[in-house]
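**Q** Below is coords29.cif; it holds mmCIF, N, CA and C atoms.
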```
data_work
loop_
_atom_site.label_atom_id
_atom_site.label_comp_id
_atom_site.auth_asym_id
_atom_site.auth_seq_id
_atom_site.Cartn_x
_atom_site.Cartn_y
_atom_site.Cartn_z
N ALA H 1 -10.97 -12.66 40.32
CA ALA H 1 -10.82 -14.03 39.88
C ALA H 1 -11.05 -14.15 38.38
N LYS H 2 -12.09 -13.40 37.87
CA LYS H 2 -12.36 -13.47 36.43
C LYS H 2 -11.23 -12.85 35.62
N SER H 3 -10.66 -11.73 36.12
CA SER H 3 -9.57 -11.09 35.38
C SER H 3 -8.34 -11.99 35.34
N LEU H 4 -8.09 -12.72 36.43
CA LEU H 4 -6.95 -13.65 36.46
C LEU H 4 -7.17 -14.77 35.45
N GLN H 5 -8.39 -15.31 35.43
CA GLN H 5 -8.71 -16.38 34.49
C GLN H 5 -8.62 -15.87 33.05
N LYS H 6 -9.07 -14.65 32.83
CA LYS H 6 -9.00 -14.06 31.49
C LYS H 6 -7.55 -13.88 31.06
N ARG H 7 -6.67 -13.43 31.97
CA ARG H 7 -5.24 -13.28 31.65
C ARG H 7 -4.61 -14.63 31.32
N ILE H 8 -4.99 -15.65 32.08
CA ILE H 8 -4.45 -16.99 31.82
C ILE H 8 -4.89 -17.46 30.44
N GLN H 9 -6.15 -17.24 30.09
CA GLN H 9 -6.64 -17.64 28.77
C GLN H 9 -5.93 -16.87 27.66
N GLN H 10 -5.70 -15.58 27.87
CA GLN H 10 -4.99 -14.78 26.88
C GLN H 10 -3.56 -15.28 26.73
N GLY H 11 -2.93 -15.64 27.86
CA GLY H 11 -1.56 -16.17 27.80
C GLY H 11 -1.51 -17.49 27.04
N GLU H 12 -2.49 -18.37 27.31
CA GLU H 12 -2.54 -19.64 26.59
C GLU H 12 -2.77 -19.42 25.10
N ARG H 13 -3.64 -18.47 24.77
CA ARG H 13 -3.92 -18.16 23.37
C ARG H 13 -2.65 -17.63 22.69
N MET H 14 -1.92 -16.76 23.39
CA MET H 14 -0.68 -16.22 22.80
C MET H 14 0.35 -17.31 22.59
N ILE H 15 0.46 -18.23 23.55
CA ILE H 15 1.40 -19.35 23.40
C ILE H 15 1.02 -20.19 22.19
N LEU H 16 -0.26 -20.48 22.06
CA LEU H 16 -0.74 -21.27 20.93
C LEU H 16 -0.49 -20.55 19.60
N GLN H 17 -0.76 -19.27 19.57
CA GLN H 17 -0.53 -18.49 18.35
C GLN H 17 0.96 -18.43 18.02
N ASN H 18 1.79 -18.26 19.04
CA ASN H 18 3.24 -18.23 18.80
C ASN H 18 3.73 -19.56 18.25
N THR H 19 3.24 -20.66 18.82
CA THR H 19 3.64 -21.99 18.34
C THR H 19 3.21 -22.18 16.89
N ALA H 20 1.98 -21.79 16.60
CA ALA H 20 1.48 -21.92 15.23
C ALA H 20 2.29 -21.05 14.26
N SER H 21 2.58 -19.83 14.66
CA SER H 21 3.33 -18.94 13.76
C SER H 21 4.76 -19.44 13.56
N ILE H 22 5.37 -20.01 14.60
CA ILE H 22 6.72 -20.56 14.46
C ILE H 22 6.71 -21.74 13.50
N THR H 23 5.70 -22.59 13.59
CA THR H 23 5.59 -23.73 12.68
C THR H 23 5.42 -23.26 11.24
N ILE H 24 4.56 -22.28 11.04
CA ILE H 24 4.33 -21.76 9.69
C ILE H 24 5.61 -21.11 9.15
N GLN H 25 6.30 -20.33 9.97
CA GLN H 25 7.54 -19.70 9.54
C GLN H 25 8.59 -20.74 9.19
N SER H 26 8.67 -21.79 9.99
CA SER H 26 9.65 -22.85 9.72
C SER H 26 9.37 -23.51 8.38
N CYS H 27 8.10 -23.83 8.13
CA CYS H 27 7.75 -24.44 6.84
C CYS H 27 8.07 -23.50 5.68
N PHE H 28 7.75 -22.23 5.85
CA PHE H 28 7.98 -21.27 4.78
C PHE H 28 9.48 -21.08 4.52
N ARG H 29 10.27 -21.03 5.59
CA ARG H 29 11.73 -20.89 5.41
C ARG H 29 12.31 -22.11 4.70
N GLY H 30 11.81 -23.30 5.04
CA GLY H 30 12.25 -24.50 4.34
C GLY H 30 11.91 -24.44 2.87
N TYR H 31 10.71 -23.96 2.56
CA TYR H 31 10.30 -23.82 1.17
C TYR H 31 11.18 -22.81 0.45
N GLN H 32 11.47 -21.67 1.10
CA GLN H 32 12.33 -20.66 0.47
C GLN H 32 13.72 -21.23 0.18
N GLU H 33 14.27 -21.99 1.11
CA GLU H 33 15.60 -22.57 0.90
C GLU H 33 15.56 -23.57 -0.26
N PHE H 34 14.48 -24.34 -0.34
CA PHE H 34 14.36 -25.29 -1.44
C PHE H 34 14.29 -24.55 -2.78
N VAL H 35 13.54 -23.46 -2.83
CA VAL H 35 13.44 -22.68 -4.07
C VAL H 35 14.81 -22.13 -4.46
N ARG H 36 15.57 -21.63 -3.47
CA ARG H 36 16.92 -21.14 -3.76
C ARG H 36 17.79 -22.26 -4.34
N PHE H 37 17.69 -23.46 -3.75
CA PHE H 37 18.47 -24.60 -4.23
C PHE H 37 18.09 -24.95 -5.67
N VAL H 38 16.79 -24.99 -5.95
CA VAL H 38 16.33 -25.32 -7.30
C VAL H 38 16.80 -24.27 -8.30
N MET H 39 16.78 -23.00 -7.92
CA MET H 39 17.24 -21.95 -8.82
C MET H 39 18.74 -22.09 -9.10
N ARG H 40 19.51 -22.42 -8.07
CA ARG H 40 20.95 -22.63 -8.29
C ARG H 40 21.19 -23.82 -9.20
N LEU H 41 20.46 -24.89 -8.97
CA LEU H 41 20.61 -26.08 -9.81
C LEU H 41 20.23 -25.76 -11.25
N PHE H 42 19.15 -25.03 -11.44
CA PHE H 42 18.72 -24.63 -12.77
C PHE H 42 19.79 -23.78 -13.45
N SER H 43 20.39 -22.87 -12.69
CA SER H 43 21.44 -22.01 -13.25
C SER H 43 22.64 -22.84 -13.68
N VAL H 44 23.01 -23.80 -12.87
CA VAL H 44 24.15 -24.66 -13.22
C VAL H 44 23.86 -25.43 -14.50
N VAL H 45 22.65 -25.99 -14.61
CA VAL H 45 22.29 -26.75 -15.81
C VAL H 45 22.30 -25.84 -17.03
N GLN H 46 21.82 -24.61 -16.89
CA GLN H 46 21.81 -23.68 -18.02
C GLN H 46 23.23 -23.33 -18.45
N ILE H 47 24.11 -23.09 -17.48
CA ILE H 47 25.50 -22.76 -17.81
C ILE H 47 26.16 -23.94 -18.52
N GLN H 48 25.92 -25.16 -18.01
CA GLN H 48 26.49 -26.33 -18.66
C GLN H 48 25.99 -26.47 -20.09
N ALA H 49 24.70 -26.23 -20.31
CA ALA H 49 24.15 -26.35 -21.65
C ALA H 49 24.77 -25.32 -22.60
N VAL H 50 24.96 -24.11 -22.11
CA VAL H 50 25.56 -23.06 -22.95
C VAL H 50 27.00 -23.42 -23.30
N VAL H 51 27.76 -23.89 -22.31
CA VAL H 51 29.16 -24.23 -22.56
C VAL H 51 29.27 -25.40 -23.53
N ARG H 52 28.45 -26.42 -23.33
CA ARG H 52 28.50 -27.58 -24.24
C ARG H 52 28.10 -27.19 -25.65
N GLY H 53 27.10 -26.33 -25.78
CA GLY H 53 26.71 -25.86 -27.11
C GLY H 53 27.82 -25.07 -27.77
N TYR H 54 28.47 -24.21 -26.99
CA TYR H 54 29.59 -23.42 -27.51
C TYR H 54 30.72 -24.34 -27.97
N GLN H 55 31.04 -25.35 -27.15
CA GLN H 55 32.11 -26.27 -27.52
C GLN H 55 31.78 -27.03 -28.80
N ALA H 56 30.53 -27.47 -28.94
CA ALA H 56 30.12 -28.19 -30.14
C ALA H 56 30.19 -27.28 -31.37
N ARG H 57 29.73 -26.03 -31.24
CA ARG H 57 29.80 -25.11 -32.38
C ARG H 57 31.25 -24.82 -32.76
N CYS H 58 32.10 -24.66 -31.74
CA CYS H 58 33.52 -24.43 -32.04
C CYS H 58 34.13 -25.61 -32.77
N PHE H 59 33.76 -26.82 -32.36
CA PHE H 59 34.30 -28.01 -33.01
C PHE H 59 33.84 -28.08 -34.45
N LEU H 60 32.60 -27.76 -34.72
CA LEU H 60 32.08 -27.86 -36.08
C LEU H 60 32.59 -26.74 -36.98
N GLN H 61 33.03 -25.63 -36.41
CA GLN H 61 33.47 -24.50 -37.21
C GLN H 61 34.99 -24.39 -37.31
N ARG H 62 35.70 -25.41 -36.88
CA ARG H 62 37.16 -25.36 -36.99
C ARG H 62 37.57 -25.29 -38.46
N PRO H 63 38.63 -24.57 -38.74
CA PRO H 63 39.13 -24.53 -40.12
C PRO H 63 39.61 -25.90 -40.57
N ALA H 64 39.60 -26.13 -41.86
CA ALA H 64 39.96 -27.45 -42.41
C ALA H 64 41.39 -27.82 -42.07
N HIS H 65 42.33 -26.86 -42.06
CA HIS H 65 43.72 -27.21 -41.78
C HIS H 65 43.89 -27.69 -40.34
N VAL H 66 43.08 -27.21 -39.41
CA VAL H 66 43.14 -27.69 -38.03
C VAL H 66 42.58 -29.10 -37.96
N GLU H 67 41.50 -29.37 -38.70
CA GLU H 67 40.91 -30.70 -38.71
C GLU H 67 41.89 -31.72 -39.30
N LYS H 68 42.62 -31.33 -40.36
CA LYS H 68 43.55 -32.27 -40.99
C LYS H 68 44.69 -32.63 -40.04
N ARG H 69 45.11 -31.68 -39.23
CA ARG H 69 46.19 -31.98 -38.28
C ARG H 69 45.73 -32.96 -37.20
N MET H 70 44.43 -32.97 -36.93
CA MET H 70 43.91 -33.85 -35.89
C MET H 70 43.83 -35.29 -36.38
N ILE H 71 43.77 -35.51 -37.69
CA ILE H 71 43.67 -36.86 -38.25
C ILE H 71 45.07 -37.35 -38.57
N PRO H 72 45.42 -38.56 -38.13
CA PRO H 72 46.76 -39.09 -38.45
C PRO H 72 46.95 -39.19 -39.96
N GLN H 73 48.18 -38.91 -40.42
CA GLN H 73 48.47 -38.90 -41.85
C GLN H 73 48.37 -40.29 -42.46
N ASN H 74 48.65 -41.33 -41.67
CA ASN H 74 48.62 -42.69 -42.22
C ASN H 74 47.22 -43.30 -42.09
N SER H 75 46.25 -42.50 -41.82
CA SER H 75 44.88 -42.99 -41.65
C SER H 75 44.34 -43.45 -42.99
N THR H 76 43.62 -44.55 -42.98
CA THR H 76 43.06 -45.09 -44.23
C THR H 76 41.73 -44.42 -44.57
N ARG H 77 41.17 -43.68 -43.59
CA ARG H 77 39.89 -43.02 -43.85
C ARG H 77 40.10 -41.75 -44.67
N CYS H 78 39.13 -41.47 -45.46
CA CYS H 78 39.15 -40.24 -46.25
C CYS H 78 38.72 -39.08 -45.36
N TYR H 79 39.32 -37.95 -45.48
CA TYR H 79 39.05 -36.81 -44.61
C TYR H 79 37.59 -36.37 -44.66
N PRO H 80 36.99 -36.14 -45.82
CA PRO H 80 35.59 -35.69 -45.83
C PRO H 80 34.64 -36.70 -45.19
N GLN H 81 34.89 -38.01 -45.40
CA GLN H 81 34.03 -39.01 -44.78
C GLN H 81 34.17 -38.97 -43.26
N HIS H 82 35.39 -38.79 -42.79
CA HIS H 82 35.62 -38.73 -41.35
C HIS H 82 34.91 -37.53 -40.74
N LEU H 83 34.98 -36.39 -41.42
CA LEU H 83 34.33 -35.18 -40.93
C LEU H 83 32.81 -35.36 -40.92
N ALA H 84 32.27 -35.96 -41.97
CA ALA H 84 30.82 -36.20 -42.03
C ALA H 84 30.39 -37.14 -40.90
N HIS H 85 31.19 -38.18 -40.68
CA HIS H 85 30.88 -39.12 -39.59
C HIS H 85 30.92 -38.40 -38.24
N GLU H 86 31.90 -37.54 -38.06
CA GLU H 86 32.03 -36.81 -36.79
C GLU H 86 30.84 -35.87 -36.58
N LYS H 87 30.41 -35.21 -37.65
CA LYS H 87 29.25 -34.31 -37.52
C LYS H 87 27.99 -35.10 -37.18
N LYS H 88 27.81 -36.27 -37.81
CA LYS H 88 26.64 -37.10 -37.51
C LYS H 88 26.67 -37.54 -36.05
N ARG H 89 27.85 -37.89 -35.57
CA ARG H 89 27.98 -38.32 -34.17
C ARG H 89 27.60 -37.18 -33.22
N ILE H 90 28.07 -35.98 -33.53
CA ILE H 90 27.77 -34.83 -32.67
C ILE H 90 26.27 -34.51 -32.72
N VAL H 91 25.67 -34.59 -33.90
CA VAL H 91 24.24 -34.32 -34.02
C VAL H 91 23.45 -35.33 -33.21
N SER H 92 23.81 -36.61 -33.29
CA SER H 92 23.08 -37.62 -32.52
C SER H 92 23.30 -37.43 -31.02
N GLN H 93 24.52 -37.03 -30.63
CA GLN H 93 24.76 -36.76 -29.21
C GLN H 93 23.94 -35.57 -28.74
N ASN H 94 23.84 -34.53 -29.57
CA ASN H 94 23.02 -33.37 -29.21
C ASN H 94 21.56 -33.75 -29.06
N ALA H 95 21.06 -34.59 -29.97
CA ALA H 95 19.66 -35.03 -29.88
C ALA H 95 19.44 -35.82 -28.59
N ALA H 96 20.38 -36.68 -28.27
CA ALA H 96 20.26 -37.46 -27.03
C ALA H 96 20.33 -36.54 -25.80
N ALA H 97 21.23 -35.56 -25.85
CA ALA H 97 21.35 -34.63 -24.73
C ALA H 97 20.07 -33.81 -24.57
N MET H 98 19.47 -33.39 -25.69
CA MET H 98 18.22 -32.63 -25.59
C MET H 98 17.11 -33.48 -25.00
N ALA H 99 17.04 -34.75 -25.39
CA ALA H 99 16.00 -35.63 -24.85
C ALA H 99 16.20 -35.83 -23.35
N ILE H 100 17.44 -36.02 -22.93
CA ILE H 100 17.73 -36.20 -21.50
C ILE H 100 17.40 -34.92 -20.74
N GLN H 101 17.79 -33.77 -21.27
CA GLN H 101 17.50 -32.51 -20.60
C GLN H 101 16.00 -32.27 -20.51
N SER H 102 15.27 -32.61 -21.56
CA SER H 102 13.82 -32.43 -21.54
C SER H 102 13.19 -33.30 -20.46
N CYS H 103 13.61 -34.55 -20.38
CA CYS H 103 13.08 -35.45 -19.33
C CYS H 103 13.44 -34.93 -17.95
N PHE H 104 14.67 -34.46 -17.78
CA PHE H 104 15.09 -33.95 -16.48
C PHE H 104 14.30 -32.72 -16.09
N ARG H 105 14.07 -31.82 -17.05
CA ARG H 105 13.30 -30.61 -16.73
C ARG H 105 11.87 -30.95 -16.33
N GLY H 106 11.28 -31.93 -17.02
CA GLY H 106 9.94 -32.38 -16.64
C GLY H 106 9.92 -32.96 -15.24
N TYR H 107 10.92 -33.79 -14.93
CA TYR H 107 11.02 -34.37 -13.58
C TYR H 107 11.22 -33.28 -12.54
N ARG H 108 12.09 -32.32 -12.84
CA ARG H 108 12.37 -31.23 -11.90
C ARG H 108 11.10 -30.41 -11.63
N ASP H 109 10.34 -30.11 -12.66
CA ASP H 109 9.11 -29.35 -12.48
C ASP H 109 8.10 -30.15 -11.67
N PHE H 110 8.00 -31.45 -11.96
CA PHE H 110 7.08 -32.30 -11.20
C PHE H 110 7.49 -32.34 -9.73
N SER H 111 8.79 -32.50 -9.46
CA SER H 111 9.28 -32.53 -8.08
C SER H 111 8.98 -31.22 -7.37
N THR H 112 9.17 -30.11 -8.06
CA THR H 112 8.89 -28.80 -7.47
C THR H 112 7.41 -28.70 -7.09
N CYS H 113 6.54 -29.14 -7.98
CA CYS H 113 5.10 -29.09 -7.67
C CYS H 113 4.77 -29.97 -6.47
N VAL H 114 5.35 -31.16 -6.40
CA VAL H 114 5.07 -32.06 -5.27
C VAL H 114 5.55 -31.44 -3.97
N ILE H 115 6.72 -30.83 -3.97
CA ILE H 115 7.25 -30.24 -2.74
C ILE H 115 6.43 -29.03 -2.32
N ILE H 116 6.05 -28.19 -3.27
CA ILE H 116 5.20 -27.04 -2.95
C ILE H 116 3.87 -27.52 -2.38
N GLN H 117 3.30 -28.56 -3.00
CA GLN H 117 2.04 -29.11 -2.50
C GLN H 117 2.21 -29.63 -1.07
N HIS H 118 3.34 -30.26 -0.79
CA HIS H 118 3.61 -30.77 0.56
C HIS H 118 3.61 -29.63 1.57
N PHE H 119 4.29 -28.54 1.26
CA PHE H 119 4.34 -27.41 2.19
C PHE H 119 2.97 -26.73 2.33
N ILE H 120 2.23 -26.65 1.25
CA ILE H 120 0.88 -26.07 1.32
C ILE H 120 0.01 -26.90 2.25
N ILE H 121 0.06 -28.21 2.11
CA ILE H 121 -0.73 -29.09 2.97
C ILE H 121 -0.30 -28.94 4.42
N LYS H 122 1.00 -28.81 4.65
CA LYS H 122 1.51 -28.64 6.00
C LYS H 122 0.96 -27.35 6.63
N ILE H 123 1.01 -26.26 5.88
CA ILE H 123 0.50 -24.98 6.39
C ILE H 123 -1.01 -25.07 6.63
N GLN H 124 -1.72 -25.69 5.68
CA GLN H 124 -3.17 -25.82 5.85
C GLN H 124 -3.51 -26.64 7.09
N SER H 125 -2.76 -27.71 7.33
CA SER H 125 -3.04 -28.54 8.50
C SER H 125 -2.78 -27.77 9.79
N CYS H 126 -1.74 -26.94 9.81
CA CYS H 126 -1.47 -26.12 11.00
C CYS H 126 -2.62 -25.15 11.25
N VAL H 127 -3.08 -24.50 10.20
CA VAL H 127 -4.16 -23.53 10.35
C VAL H 127 -5.45 -24.22 10.77
N ARG H 128 -5.78 -25.35 10.14
CA ARG H 128 -7.01 -26.06 10.49
C ARG H 128 -6.96 -26.60 11.92
N GLY H 129 -5.81 -27.09 12.32
CA GLY H 129 -5.67 -27.56 13.70
C GLY H 129 -5.89 -26.44 14.69
N TYR H 130 -5.33 -25.29 14.39
CA TYR H 130 -5.53 -24.13 15.26
C TYR H 130 -7.00 -23.74 15.31
N GLN H 131 -7.66 -23.73 14.15
CA GLN H 131 -9.08 -23.37 14.12
C GLN H 131 -9.93 -24.36 14.91
N VAL H 132 -9.64 -25.64 14.79
CA VAL H 132 -10.40 -26.65 15.53
C VAL H 132 -10.18 -26.49 17.02
N ARG H 133 -8.94 -26.26 17.44
CA ARG H 133 -8.67 -26.08 18.86
C ARG H 133 -9.39 -24.85 19.41
N CYS H 134 -9.42 -23.78 18.63
CA CYS H 134 -10.15 -22.59 19.05
C CYS H 134 -11.65 -22.87 19.14
N HIS H 135 -12.16 -23.64 18.21
CA HIS H 135 -13.59 -23.95 18.19
C HIS H 135 -13.97 -24.87 19.35
N LEU H 136 -13.10 -25.80 19.73
CA LEU H 136 -13.40 -26.76 20.78
C LEU H 136 -13.12 -26.22 22.18
N LYS H 137 -12.43 -25.13 22.30
CA LYS H 137 -12.07 -24.59 23.61
C LYS H 137 -13.29 -24.33 24.50
N PRO H 138 -14.37 -23.70 23.99
CA PRO H 138 -15.54 -23.49 24.86
C PRO H 138 -16.20 -24.80 25.30
N PHE H 139 -16.21 -25.81 24.44
CA PHE H 139 -16.80 -27.09 24.79
C PHE H 139 -16.00 -27.79 25.89
N LYS H 140 -14.68 -27.67 25.80
CA LYS H 140 -13.83 -28.29 26.83
C LYS H 140 -14.07 -27.64 28.19
N LYS H 141 -14.27 -26.34 28.18
CA LYS H 141 -14.51 -25.64 29.46
C LYS H 141 -15.83 -26.08 30.06
N ARG H 142 -16.85 -26.24 29.23
CA ARG H 142 -18.17 -26.63 29.74
C ARG H 142 -18.20 -28.07 30.24
N LYS H 143 -17.54 -28.96 29.54
CA LYS H 143 -17.58 -30.37 29.88
C LYS H 143 -16.59 -30.71 31.01
N GLY H 144 -15.65 -29.84 31.27
CA GLY H 144 -14.67 -30.09 32.33
C GLY H 144 -13.54 -31.01 31.91
N PHE H 145 -13.13 -30.92 30.67
CA PHE H 145 -12.04 -31.76 30.17
C PHE H 145 -10.73 -31.37 30.76
#
```
Please go through the file and, once you have read it, give me the structure as structure tokens.

**A**
Amino acid sequence: AKSLQKRIQQGERMILQNTASITIQSCFRGYQEFVRFVMRLFSVVQIQAVVRGYQARCFLQRPAHVEKRMIPQNSTRCYPQHLAHEKKRIVSQNAAAMAIQSCFRGYRDFSTCVIIQHFIIKIQSCVRGYQVRCHLKPFKKRKGF
């Protein structure tokens, strides 16, 4: 009778451990997928930044004869003033883009920390719940719960 009861307790313990391990694995896999997503998003943002920087440098380094062809001949604006205005516009756009990217990177890092903290709390709660159930098991047997 004792060996049967012991086997039943071992089976219940294994079921509980399996459930806890499945929950922990599920949380960890979700976290891993989120990290992969964040890395892909970061890569896309980096590629976009490189391409936009390259395009801006190419625009600023165009030869003068190419720039003159882009301006209509009957334009009342003077060519050097137009070029200076265009460079100022690009510089201000770059400054705005850097400010936006900086804010986004800060938000992304904050979001990553919050999500990691969420998963850590989830795993801790699973482990603590398991520990409490293991601790209360002898009391339940004695009290007849």

**Q** Between H:Ile120, H:Ala56, H:Arg105, H:Cys113, which one has atoms that come closest to Arg89 (chain H), using only C-alpha atoms?

**A** H:Ala56

**Q** Find the distance between CA of Cys27 (chain H) and CA of Val114 (chain H) and write it in Å to one decimal.

**A**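 Computing it gives 14.6 Å between the two atoms.
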
**Q** Which value, in Å to one decimal, gives the distance between CA of Arg52 (chain H) and CA of Ile100 (chain H)?

**A**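 CA of Arg52 (chain H) sits 14.1 Å away from CA of Ile100 (chain H).
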
**Q** Need to verify the contact set: region 33-45 of chain H, 12 Å, only C-alpha atoms, exclusion of same-chain residues closer than 5 positions in sequence. Can you return it as a PyMOL selection string?

**A** chain H and resi 26-28+50-52+97+100-102+104-105+108-109+111-113+115-116+119

**Q** Record the distance separating CA of Val127 (chain H) and CA of Ser3 (chain H), expressed in Å with one decimal.

**A**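 Computing it gives 28.5 Å between the two atoms.
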
**Q** Considering only C-alpha atoms, return as a PDB file with N, CA and C atoms, keeping the file's coordinate frame whatever protein or nucleic-acid residues lie within 12 Å of Gln131 (chain H), sequence-local ones (same chain, fewer than 5 positions apart) excluded.

**A**
```pdb
ATOM      1  N   ARG H  13      -3.640 -18.470  24.770  1.00  0.00           N
ATOM      2  CA  ARG H  13      -3.920 -18.160  23.370  1.00  0.00           C
ATOM      3  C   ARG H  13      -2.650 -17.630  22.690  1.00  0.00           C
ATOM      4  N   LEU H  16      -0.260 -20.480  22.060  1.00  0.00           N
ATOM      5  CA  LEU H  16      -0.740 -21.270  20.930  1.00  0.00           C
ATOM      6  C   LEU H  16      -0.490 -20.550  19.600  1.00  0.00           C
ATOM      7  N   GLN H  17      -0.760 -19.270  19.570  1.00  0.00           N
ATOM      8  CA  GLN H  17      -0.530 -18.490  18.350  1.00  0.00           C
ATOM      9  C   GLN H  17       0.960 -18.430  18.020  1.00  0.00           C
ATOM     10  N   ALA H  20       1.980 -21.790  16.600  1.00  0.00           N
ATOM     11  CA  ALA H  20       1.480 -21.920  15.230  1.00  0.00           C
ATOM     12  C   ALA H  20       2.290 -21.050  14.260  1.00  0.00           C
ATOM     13  N   GLN H 124      -1.720 -25.690   5.680  1.00  0.00           N
ATOM     14  CA  GLN H 124      -3.170 -25.820   5.850  1.00  0.00           C
ATOM     15  C   GLN H 124      -3.510 -26.640   7.090  1.00  0.00           C
ATOM     16  N   SER H 125      -2.760 -27.710   7.330  1.00  0.00           N
ATOM     17  CA  SER H 125      -3.040 -28.540   8.500  1.00  0.00           C
ATOM     18  C   SER H 125      -2.780 -27.770   9.790  1.00  0.00           C
ATOM     19  N   CYS H 126      -1.740 -26.940   9.810  1.00  0.00           N
ATOM     20  CA  CYS H 126      -1.470 -26.120  11.000  1.00  0.00           C
ATOM     21  C   CYS H 126      -2.620 -25.150  11.250  1.00  0.00           C
ATOM     22  N   LEU H 136     -13.100 -25.800  19.730  1.00  0.00           N
ATOM     23  CA  LEU H 136     -13.400 -26.760  20.780  1.00  0.00           C
ATOM     24  C   LEU H 136     -13.120 -26.220  22.180  1.00  0.00           C
ATOM     25  N   LYS H 137     -12.430 -25.130  22.300  1.00  0.00           N
ATOM     26  CA  LYS H 137     -12.070 -24.590  23.610  1.00  0.00           C
ATOM     27  C   LYS H 137     -13.290 -24.330  24.500  1.00  0.00           C
TER      28      LYS H 137
END
```

**Q** Using all atoms listed in the file, which of the listed residues (H:Ile123, H:Val132, H:Ala1, H:Ile47) sits closest to Ile24 (chain H)?

**A**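 Once distances to Ile24 (chain H) are computed over all atoms listed in the file, the minimum belongs to H:Ile123.
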
**Q** Can I get C-alpha atoms for region 32-65 of chain H, as a compact mmCIF listing (two decimals), in the first residue's frame?

**A**
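Just written: out-v7.txt:
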```txt
# COMPACT_ATOMS: atom_id res chain seq x y z
CA GLN H 32 13.52 34.23 -27.91
CA GLU H 33 11.07 34.99 -30.72
CA PHE H 34 10.68 38.55 -29.47
CA VAL H 35 14.47 39.00 -29.41
CA ARG H 36 14.68 37.70 -32.99
CA PHE H 37 11.97 40.18 -34.04
CA VAL H 38 13.75 43.09 -32.33
CA MET H 39 17.04 42.14 -34.00
CA ARG H 40 15.37 42.04 -37.42
CA LEU H 41 13.72 45.39 -36.79
CA PHE H 42 17.04 46.86 -35.66
CA SER H 43 18.72 45.52 -38.79
CA VAL H 44 16.08 47.07 -41.02
CA VAL H 45 16.45 50.44 -39.30
CA GLN H 46 20.24 50.27 -39.67
CA ILE H 47 20.00 49.43 -43.37
CA GLN H 48 17.55 52.29 -43.92
CA ALA H 49 19.87 54.71 -42.12
CA VAL H 50 22.85 53.63 -44.21
CA VAL H 51 20.92 53.94 -47.48
CA ARG H 52 19.51 57.36 -46.59
CA GLY H 53 22.96 58.59 -45.57
CA TYR H 54 24.43 57.30 -48.82
CA GLN H 55 21.69 59.01 -50.84
CA ALA H 56 22.24 62.31 -49.03
CA ARG H 57 26.02 62.15 -49.56
CA CYS H 58 25.51 61.34 -53.23
CA PHE H 59 23.18 64.31 -53.59
CA LEU H 60 25.64 66.69 -51.95
CA GLN H 61 28.59 65.43 -54.01
CA ARG H 62 26.97 65.69 -57.43
CA PRO H 63 29.06 67.56 -59.99
CA ALA H 64 28.02 71.14 -60.71
CA HIS H 65 26.98 70.38 -64.32
```
